[in-house]
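Trainee: So here's query.cif (mmCIF, C-alpha atoms).
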data_protein
#
loop_
_atom_site.label_atom_id
_atom_site.label_comp_id
_atom_site.auth_asym_id
_atom_site.auth_seq_id
_atom_site.Cartn_x
_atom_site.Cartn_y
_atom_site.Cartn_z
CA LYS A 1 100.47 81.51 92.06
CA GLY A 2 100.68 83.20 95.45
CA TYR A 3 97.19 84.65 95.73
CA THR A 4 95.55 81.29 96.51
CA GLN A 5 97.42 80.81 99.79
CA LEU A 6 95.58 80.02 103.02
CA GLU A 7 96.58 81.72 106.26
CA GLY A 8 98.03 79.26 108.74
CA LEU A 9 98.72 76.71 106.00
CA ASP A 10 100.77 78.33 103.24
CA PHE A 11 101.87 81.39 105.22
CA LEU A 12 101.91 82.41 108.86
CA ASP A 13 102.35 86.16 109.00
CA THR A 14 101.79 89.09 106.64
CA PHE A 15 102.48 91.93 109.06
CA SER A 16 105.41 94.14 108.12
CA PRO A 17 106.23 97.21 110.23
CA VAL A 18 106.25 100.50 108.37
CA ALA A 19 107.49 103.80 109.72
CA LYS A 20 104.87 105.94 111.40
CA LEU A 21 104.60 109.35 109.78
CA THR A 22 105.09 110.89 113.24
CA THR A 23 108.44 109.11 113.43
CA VAL A 24 109.37 110.50 110.01
CA ARG A 25 108.54 114.04 111.12
CA MET A 26 110.45 113.58 114.40
CA LEU A 27 113.52 112.33 112.54
CA LEU A 28 113.39 115.36 110.24
CA ALA A 29 112.92 117.68 113.22
CA LEU A 30 116.01 116.21 114.92
CA ALA A 31 117.92 116.44 111.64
CA ALA A 32 117.03 120.13 111.38
CA LEU A 33 118.06 120.83 115.00
CA HIS A 34 121.35 118.91 114.80
CA ASN A 35 122.15 119.68 111.14
CA TRP A 36 122.25 116.00 110.19
CA HIS A 37 122.74 114.76 106.65
CA LEU A 38 119.65 113.25 105.01
CA ARG A 39 119.84 110.66 102.24
CA GLN A 40 117.12 108.67 100.51
CA LEU A 41 117.45 105.14 99.13
CA ASP A 42 115.18 102.89 97.13
CA VAL A 43 115.54 99.11 96.97
CA ASN A 44 115.32 97.49 93.54
CA ASN A 45 112.90 94.53 93.54
CA ALA A 46 112.76 94.57 97.33
CA PHE A 47 110.36 91.66 97.83
CA LEU A 48 112.56 89.31 95.79
CA HIS A 49 115.21 89.51 98.53
CA GLY A 50 112.98 87.91 101.16
CA ASP A 51 113.70 84.30 102.16
CA LEU A 52 110.70 82.01 102.52
CA ASP A 53 110.18 80.01 105.71
CA GLU A 54 107.27 78.02 104.27
CA GLU A 55 107.10 75.62 101.35
CA VAL A 56 105.34 77.47 98.54
CA TYR A 57 104.78 75.95 95.12
CA MET A 58 103.59 77.62 91.95
CA THR A 59 102.55 76.50 88.49
CA LEU A 60 105.11 76.75 85.74
CA PRO A 61 105.35 80.29 84.35
CA PRO A 62 104.29 80.91 80.72
CA GLY A 63 107.10 80.39 78.25
CA LEU A 64 108.92 77.72 80.26
CA HIS A 65 108.90 74.51 78.22
CA VAL A 66 109.49 71.21 80.04
CA HIS A 67 108.85 67.59 79.12
CA ASP A 68 106.30 67.12 81.92
CA ARG A 69 103.62 69.81 82.33
CA ASN A 70 102.55 68.32 85.67
CA LEU A 71 105.68 69.62 87.33
CA VAL A 72 105.53 72.63 89.67
CA CYS A 73 108.13 75.13 90.93
CA ARG A 74 109.12 75.46 94.57
CA LEU A 75 109.92 79.07 95.44
CA GLN A 76 113.18 79.82 97.22
CA ARG A 77 112.51 83.58 97.43
CA SER A 78 109.31 85.54 97.88
CA LEU A 79 107.68 86.96 94.77
CA TYR A 80 105.51 90.02 94.33
CA GLY A 81 101.99 88.79 94.98
CA LEU A 82 102.84 86.44 97.83
CA LYS A 83 100.96 87.47 100.94
CA GLN A 84 104.02 87.16 103.21
CA ALA A 85 106.41 88.92 100.79
CA SER A 86 106.57 92.25 102.65
CA CYS A 87 107.07 90.52 106.00
CA GLN A 88 109.90 88.35 104.68
CA TRP A 89 111.62 91.36 103.09
CA PHE A 90 111.53 93.33 106.33
CA THR A 91 112.87 90.31 108.25
CA ARG A 92 115.80 90.04 105.85
CA LEU A 93 116.57 93.78 105.96
CA SER A 94 116.33 94.03 109.78
CA SER A 95 118.60 90.98 110.20
CA PHE A 96 121.15 92.60 107.89
CA LEU A 97 121.14 95.92 109.77
CA ILE A 98 121.32 94.29 113.20
CA SER A 99 124.27 92.16 112.06
CA HIS A 100 126.13 95.39 111.19
CA GLY A 101 125.73 96.94 114.61
CA PHE A 102 122.36 98.66 114.33
CA ARG A 103 119.84 98.47 117.16
CA GLN A 104 116.12 98.22 116.44
CA SER A 105 113.99 100.77 118.25
CA ALA A 106 111.40 99.34 120.62
CA ALA A 107 109.14 102.38 120.16
CA ASP A 108 109.03 102.08 116.35
CA HIS A 109 110.24 98.78 114.92
CA SER A 110 111.00 100.31 111.51
CA LEU A 111 113.69 102.58 113.03
CA PHE A 112 117.28 101.34 113.34
CA LEU A 113 120.03 103.28 115.13
CA HIS A 114 123.80 102.96 115.21
CA PHE A 115 126.09 104.81 117.63
CA ASN A 116 129.86 105.06 117.43
CA ASN A 117 131.32 107.48 119.95
CA SER A 118 129.82 110.83 118.89
CA ASP A 119 128.58 109.55 115.53
CA ILE A 120 124.91 108.64 115.13
CA THR A 121 123.28 107.01 112.13
CA ALA A 122 119.52 106.40 111.81
CA VAL A 123 117.86 104.20 109.20
CA LEU A 124 114.09 104.55 108.78
CA VAL A 125 112.33 101.94 106.64
CA TYR A 126 108.97 102.21 104.87
CA VAL A 127 108.70 98.99 102.84
CA ASP A 128 111.35 99.61 100.14
CA ASP A 129 111.88 103.35 100.76
CA ILE A 130 114.68 104.13 103.19
CA ILE A 131 115.82 107.34 104.86
CA ILE A 132 119.35 107.51 106.28
CA ALA A 133 120.16 110.37 108.65
CA GLY A 134 123.34 111.04 110.57
CA ASN A 135 126.08 113.48 111.47
CA ASN A 136 128.87 111.63 109.66
CA LEU A 137 128.66 111.55 105.88
CA ASP A 138 131.37 108.88 105.58
CA THR A 139 129.38 106.51 107.78
CA ILE A 140 126.24 107.11 105.72
CA THR A 141 128.17 106.39 102.51
CA HIS A 142 129.60 103.21 104.04
CA ILE A 143 126.15 101.95 105.07
CA THR A 144 124.78 102.81 101.62
CA ASN A 145 127.54 100.78 99.96
CA LEU A 146 126.86 97.80 102.24
CA LEU A 147 123.16 97.93 101.42
CA ASP A 148 123.91 98.20 97.71
CA ILE A 149 126.12 95.10 97.79
CA ALA A 150 123.47 93.09 99.65
CA PHE A 151 120.24 94.33 98.02
CA SER A 152 120.98 96.44 94.91
CA ILE A 153 120.17 99.93 96.15
CA LYS A 154 119.20 102.98 94.09
CA ASP A 155 120.76 106.05 95.76
CA LEU A 156 118.34 108.95 95.27
CA GLY A 157 120.71 111.47 96.85
CA THR A 158 119.62 114.18 99.30
CA LEU A 159 116.13 113.68 100.69
CA LYS A 160 113.67 115.79 98.70
CA PHE A 161 110.57 113.65 98.11
CA PHE A 162 109.45 110.83 100.41
CA LEU A 163 106.04 109.09 100.35
CA GLY A 164 104.47 112.13 98.73
CA LEU A 165 106.07 114.51 101.24
CA GLU A 166 108.08 117.31 99.64
CA VAL A 167 111.17 118.20 101.70
CA ALA A 168 112.74 121.63 101.20
CA ARG A 169 115.75 122.53 103.34
CA ASN A 170 117.82 125.63 103.98
CA ASN A 171 119.94 126.96 106.83
CA LYS A 172 116.81 127.98 108.78
CA GLY A 173 115.18 124.54 108.83
CA ILE A 174 113.13 122.03 106.87
CA HIS A 175 109.77 122.70 105.25
CA LEU A 176 107.40 119.77 104.68
CA SER A 177 104.52 120.07 102.24
CA GLN A 178 102.43 118.06 99.78
CA ARG A 179 101.90 120.69 97.08
CA LYS A 180 101.86 118.29 94.13
CA TYR A 181 99.51 115.97 96.02
CA VAL A 182 97.12 118.88 96.71
CA LEU A 183 97.14 119.98 93.06
CA ASP A 184 96.44 116.41 91.97
CA ILE A 185 93.44 116.24 94.32
CA LEU A 186 92.10 119.57 93.02
CA SER A 187 92.63 118.52 89.41
CA ASN A 188 90.90 115.15 89.82
CA SER A 189 87.99 116.82 91.63
CA GLY A 190 87.61 119.58 89.04
CA MET A 191 88.31 122.29 91.64
CA LEU A 192 91.42 123.92 90.16
CA ALA A 193 89.39 126.96 89.06
CA SER A 194 87.30 127.18 92.25
CA ARG A 195 87.11 130.26 94.46
CA PRO A 196 89.34 129.87 97.56
CA ALA A 197 87.73 129.72 101.01
CA SER A 198 89.25 131.33 104.08
CA THR A 199 88.48 128.43 106.47
CA PRO A 200 88.37 124.65 105.92
CA MET A 201 84.81 124.32 107.24
CA ASP A 202 81.78 126.31 108.36
CA TYR A 203 82.16 126.21 112.12
CA SER A 204 78.66 127.64 112.70
CA THR A 205 77.07 124.47 111.28
CA ARG A 206 77.38 121.05 112.95
CA LEU A 207 77.35 118.07 110.63
CA THR A 208 75.05 115.16 111.43
CA ALA A 209 74.32 111.84 109.75
CA SER A 210 70.80 112.95 108.72
CA LEU A 211 71.77 116.36 107.34
CA GLY A 212 71.18 116.58 103.57
CA THR A 213 70.01 113.98 101.06
CA PRO A 214 71.81 110.62 100.59
CA LEU A 215 74.26 110.39 97.70
CA SER A 216 74.10 107.83 94.91
CA GLU A 217 76.45 104.85 94.97
CA ALA A 218 78.81 106.43 92.42
CA SER A 219 78.90 109.74 94.32
CA SER A 220 79.42 107.88 97.60
CA SER A 221 82.44 106.09 96.14
CA SER A 222 83.88 109.40 94.97
CA TYR A 223 83.29 110.88 98.43
CA ARG A 224 85.11 107.98 100.12
CA ARG A 225 88.01 108.25 97.70
CA LEU A 226 88.28 112.00 98.31
CA ILE A 227 88.20 111.66 102.11
CA GLY A 228 90.83 108.93 101.95
CA ARG A 229 93.14 111.25 100.04
CA LEU A 230 92.44 114.11 102.45
CA ILE A 231 93.28 111.86 105.40
CA TYR A 232 96.74 111.29 103.93
CA LEU A 233 97.07 115.03 103.32
CA THR A 234 96.73 115.67 107.07
CA ASN A 235 100.29 114.34 107.45
CA THR A 236 101.55 117.84 106.64
CA ARG A 237 98.37 119.91 107.04
CA PRO A 238 97.29 120.12 110.69
CA ASP A 239 94.98 123.00 109.74
CA ILE A 240 92.52 120.63 108.04
CA THR A 241 92.81 117.74 110.52
CA HIS A 242 89.64 118.59 112.45
CA ALA A 243 87.59 119.16 109.30
CA VAL A 244 88.72 115.84 107.79
CA GLN A 245 87.99 114.07 111.08
CA GLN A 246 84.45 115.39 110.95
CA LEU A 247 83.95 114.33 107.33
CA SER A 248 85.46 110.86 107.78
CA GLN A 249 82.68 109.89 110.22
CA TYR A 250 80.14 109.76 107.39
CA MET A 251 81.99 107.66 104.82
CA ALA A 252 79.50 104.78 105.16
CA HIS A 253 76.43 106.85 104.25
CA PRO A 254 77.45 110.31 102.96
CA THR A 255 74.91 112.97 102.08
CA SER A 256 74.87 116.11 99.96
CA ALA A 257 75.71 118.22 103.03
CA HIS A 258 78.82 116.16 103.71
CA SER A 259 79.85 116.45 100.05
CA GLN A 260 79.47 120.23 100.15
CA ALA A 261 81.60 120.37 103.31
CA ALA A 262 84.29 118.26 101.61
CA PHE A 263 84.33 120.63 98.62
CA ARG A 264 84.76 123.54 101.02
CA VAL A 265 87.96 121.86 102.28
CA LEU A 266 89.13 121.68 98.67
CA ARG A 267 88.36 125.38 98.20
CA TYR A 268 90.42 126.11 101.30
CA LEU A 269 93.32 124.06 99.89
CA LYS A 270 93.02 125.99 96.63
CA GLY A 271 94.09 129.13 98.46
CA SER A 272 97.23 127.57 99.98
CA PRO A 273 98.34 124.43 98.11
CA GLY A 274 101.98 124.76 99.21
CA SER A 275 101.36 125.22 102.92
CA GLY A 276 102.83 122.72 105.34
CA ILE A 277 104.87 122.56 108.52
CA PHE A 278 108.26 124.12 109.24
CA LEU A 279 110.84 122.29 111.34
CA ALA A 280 113.14 124.97 112.66
CA ALA A 281 116.91 124.55 112.92
CA ASN A 282 117.05 126.58 116.13
CA GLY A 283 115.20 126.09 119.38
CA PRO A 284 115.32 124.29 122.71
CA LEU A 285 115.43 120.50 122.68
CA GLN A 286 112.27 120.08 124.76
CA LEU A 287 108.89 118.46 124.24
CA LYS A 288 105.78 120.51 124.87
CA ALA A 289 102.16 119.78 124.05
CA PHE A 290 98.81 121.54 123.92
CA SER A 291 95.64 119.56 124.59
CA ASP A 292 91.94 120.36 124.43
CA SER A 293 88.54 118.78 123.84
CA ASP A 294 84.91 119.69 123.43
CA TRP A 295 82.02 118.05 125.24
CA ALA A 296 79.55 115.90 123.29
CA GLY A 297 80.76 117.44 120.05
CA CYS A 298 79.30 114.63 117.94
CA ARG A 299 75.56 115.23 117.57
CA ASP A 300 74.93 111.60 116.58
CA THR A 301 76.78 109.72 119.34
CA ARG A 302 77.19 112.51 121.96
CA ARG A 303 80.86 111.61 122.24
CA SER A 304 83.55 114.24 122.71
CA ILE A 305 86.48 115.01 120.43
CA THR A 306 90.10 115.09 121.59
CA GLY A 307 92.63 117.38 119.96
CA PHE A 308 96.30 117.85 120.72
CA SER A 309 99.53 119.11 119.17
CA VAL A 310 103.10 118.27 120.19
CA TYR A 311 106.17 120.42 119.57
CA LEU A 312 109.88 119.63 119.68
CA GLY A 313 111.30 123.02 120.48
CA SER A 314 109.33 125.32 118.18
CA SER A 315 108.62 122.63 115.57
CA LEU A 316 105.16 121.07 115.37
CA PHE A 317 105.52 117.40 114.43
CA SER A 318 102.63 115.46 116.01
CA TRP A 319 98.92 116.27 116.17
CA ARG A 320 95.57 114.54 116.30
CA SER A 321 91.83 115.18 116.24
CA LYS A 322 89.91 112.08 117.22
CA LYS A 323 86.55 111.14 118.68
CA GLN A 324 86.74 109.67 122.17
CA PRO A 325 85.79 105.98 122.49
CA THR A 326 83.18 106.50 125.24
CA VAL A 327 80.57 109.07 126.22
CA SER A 328 81.69 111.53 128.89
CA ARG A 329 79.11 112.58 131.44
CA SER A 330 80.65 115.98 132.08
CA SER A 331 82.94 118.45 130.37
CA SER A 332 85.62 117.82 133.03
CA GLU A 333 85.57 114.11 132.24
CA ALA A 334 85.95 114.81 128.52
CA GLU A 335 88.82 117.19 129.18
CA TYR A 336 90.51 114.67 131.48
CA ARG A 337 90.27 111.97 128.79
CA ALA A 338 91.96 114.35 126.37
CA LEU A 339 94.74 114.88 128.91
CA ALA A 340 95.20 111.13 129.21
CA SER A 341 95.41 110.64 125.42
CA THR A 342 97.96 113.43 125.09
CA THR A 343 100.02 111.98 127.94
CA CYS A 344 100.11 108.58 126.18
CA GLU A 345 101.39 110.24 123.01
CA LEU A 346 104.02 112.17 124.97
CA GLN A 347 105.17 109.01 126.76
CA TRP A 348 105.62 107.18 123.44
CA LEU A 349 107.52 110.14 121.96
CA THR A 350 109.73 110.21 125.06
CA TYR A 351 110.62 106.54 124.53
CA LEU A 352 111.37 107.30 120.87
CA LEU A 353 113.66 110.20 121.76
CA GLN A 354 115.41 108.05 124.36
CA ASP A 355 116.30 105.64 121.58
CA PHE A 356 118.01 108.60 119.88
CA ARG A 357 119.84 109.20 123.20
CA VAL A 358 118.30 112.63 123.50
CA SER A 359 118.65 113.89 127.06
CA PHE A 360 116.10 116.40 128.30
CA LEU A 361 117.18 119.27 130.51
CA GLN A 362 113.56 119.92 131.52
CA PRO A 363 110.49 117.67 131.82
CA THR A 364 107.82 117.70 129.14
CA THR A 365 105.32 120.54 129.52
CA LEU A 366 101.64 119.91 128.87
CA TYR A 367 99.51 123.03 128.46
CA TYR A 368 95.83 122.92 129.32
CA ASP A 369 93.04 125.40 130.00
CA ASN A 370 90.49 123.43 132.06
CA LYS A 371 90.95 123.99 135.80
CA SER A 372 88.77 121.05 136.80
CA ALA A 373 90.77 118.57 134.76
CA ILE A 374 94.04 120.02 136.08
CA GLN A 375 92.85 119.63 139.67
CA ILE A 376 91.77 116.04 139.03
CA ALA A 377 95.13 115.24 137.42
CA CYS A 378 97.07 116.81 140.30
CA ASN A 379 95.05 115.12 143.05
CA PRO A 380 96.61 111.75 144.03
CA VAL A 381 93.37 110.50 145.60
CA PHE A 382 90.47 111.58 143.37
CA HIS A 383 92.21 110.96 140.06
CA GLU A 384 90.23 107.82 139.17
#
Could you write out this structure as structure tokens?

Mentor:
Amino acid sequence: KGYTQLEGLDFLDTFSPVAKLTTVRMLLALAALHNWHLRQLDVNNAFLHGDLDEEVYMTLPPGLHVHDRNLVCRLQRSLYGLKQASCQWFTRLSSFLISHGFRQSAADHSLFLHFNNSDITAVLVYVDDIIIAGNNLDTITHITNLLDIAFSIKDLGTLKFFLGLEVARNNKGIHLSQRKYVLDILSNSGMLASRPASTPMDYSTRLTASLGTPLSEASSSSYRRLIGRLIYLTNTRPDITHAVQQLSQYMAHPTSAHSQAAFRVLRYLKGSPGSGIFLAANGPLQLKAFSDSDWAGCRDTRRSITGFSVYLGSSLFSWRSKKQPTVSRSSSEAEYRALASTTCELQWLTYLLQDFRVSFLQPTTLYYDNKSAIQIACNPVFHE
């Protein structure tokens, strides 16, 4: 029936690339700067279009009457429930786009680009949700018609709602938010009538694993569910990224103190449910980033926390708050590790922009405030 398959025997690969949310925000930022058209498509019964490479058999479906009940069906197409269905669908879609002149990005495999003189068309795929962006509306319509003939496409018109992200556009730029998602979280948590808080967390108190009393199993499950939803909310809310990063460390064994801190984040969201990020239509086409870290910020592991934000012109579209993988023996070492992480992100974003054929007039600027780390980075001998 599909769910009894064995890896390596009945299927070989289940991995299917999906668009990174950073890539989605970058595409929208470029669309705002260049005034590109944005369309959204949805594929009807996407997984049924995937061709199977393996021999997969299933029992006869209910209602099918045959003379011999020992017969089985061999599948020619992937069904919903097959473990390799998403992979086979993406393989079919990517082959179709490449055969029509699109080039798959090496920086993000779910991004496909087509260039024709001054015309540019970008197709971004997230399973069966597709964004098409470009400067020529006729080309976008042509690609949409080709996809509809091959896969039965539902044209959702101008991009307004994608993966829970609400897209509002005017002549000044694009505003991304998750207002409905925030209100759903507050409603499910019973916090719609709560008193708003001015900050997402109490920065005078450091959370630790032993702070507070352990929660019951039911409360722990609710805590994990809430933090998981808050993690997805950070896709448009960089203001709560650090607070959610702190809370997500204690999902295995949460306590009452961690639960209270999570409810404070909800109270903060209550005061600004429609906040998000604004991708301006005007500004220089240049990457710039700000990076910072603390030293031994985690009281339990003594590891430092890296934080950075990346702008395209004046539009913030990439950010992160993450614990470093190793313990730093000095503040300079922690700051230097943060510089390295930010540089890796900038290098990947540069490759992604090169796929869009974006030419930079100036090199990427990385802002930092630690003189020791800057001196280490600038020294060609003592940089190790």

Trainee: Can you tell me how far CA of Met251 in chain A sits from CA of Met191 in chain A, in Å to one decimal?

Mentor: 20.7 Å

Trainee: With range 350-356 of chain A as the partner and 9 Å as the cut-off, tabulate the residues of range 19-123 of chain A that qualify, each row holding the nearest pair of atoms and their distance in Å to one decimal, using only C-alpha atoms, sorted by chain and rising number, as JSON lines.

Mentor:
{"residue": "A:Thr23", "atom": "CA", "partner": "A:Leu352", "partner_atom": "CA", "distance": 8.2}
{"residue": "A:Met26", "atom": "CA", "partner": "A:Leu353", "partner_atom": "CA", "distance": 8.7}
{"residue": "A:Ser105", "atom": "CA", "partner": "A:Asp355", "partner_atom": "CA", "distance": 6.3}
{"residue": "A:Ala106", "atom": "CA", "partner": "A:Leu352", "partner_atom": "CA", "distance": 8.0}
{"residue": "A:Ala107", "atom": "CA", "partner": "A:Leu352", "partner_atom": "CA", "distance": 5.4}
{"residue": "A:Asp108", "atom": "CA", "partner": "A:Leu352", "partner_atom": "CA", "distance": 7.3}
{"residue": "A:Leu113", "atom": "CA", "partner": "A:Phe356", "partner_atom": "CA", "distance": 7.4}
{"residue": "A:Ile120", "atom": "CA", "partner": "A:Phe356", "partner_atom": "CA", "distance": 8.4}
{"residue": "A:Ala122", "atom": "CA", "partner": "A:Phe356", "partner_atom": "CA", "distance": 8.5}

Trainee: Any chance you could work out the residue set of the PyMOL selection byres ((chain A and resi 114-119) around 12) here, as a ChimeraX atom specification?

Mentor: /A:34,36-37,97-105,111-113,120-124,132-140,143,355-357

Trainee: Using the chain letters and numbers from the file, give me the residues hit by the PyMOL selection byres ((chain A and resi 76) around 8), as a VMD selection string.

Mentor: chain A and resid 51 to 52 74 to 75 77 to 78

Trainee: Limited to C-alpha atoms, could you put the picked residues into a file as an mmCIF file, in the frame of the given file?

Mentor:
data_model
loop_
_atom_site.group_PDB
_atom_site.id
_atom_site.type_symbol
_atom_site.label_atom_id
_atom_site.label_comp_id
_atom_site.auth_asym_id
_atom_site.auth_seq_id
_atom_site.Cartn_x
_atom_site.Cartn_y
_atom_site.Cartn_z
ATOM 1 C CA ASP A 51 113.700 84.300 102.160
ATOM 2 C CA LEU A 52 110.700 82.010 102.520
ATOM 3 C CA ARG A 74 109.120 75.460 94.570
ATOM 4 C CA LEU A 75 109.920 79.070 95.440
ATOM 5 C CA ARG A 77 112.510 83.580 97.430
ATOM 6 C CA SER A 78 109.310 85.540 97.880
#

Trainee: Determine the nearest neighbour of Thr306 in chain A from the options A:Leu30, A:Ala252, A:Ala334, A:Val127, counting all atoms listed in the file.

Mentor: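 Going through A:Leu30, A:Ala252, A:Ala334, A:Val127 one by one, the smallest distance to Thr306 in chain A is for A:Ala334.
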
Trainee: Quick one, how far is CA of Lys160 in chain A from CA of Thr241 in chain A?

Mentor: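 One can read the CA of Lys160 in chain A to CA of Thr241 in chain A distance as 24.1 Å.
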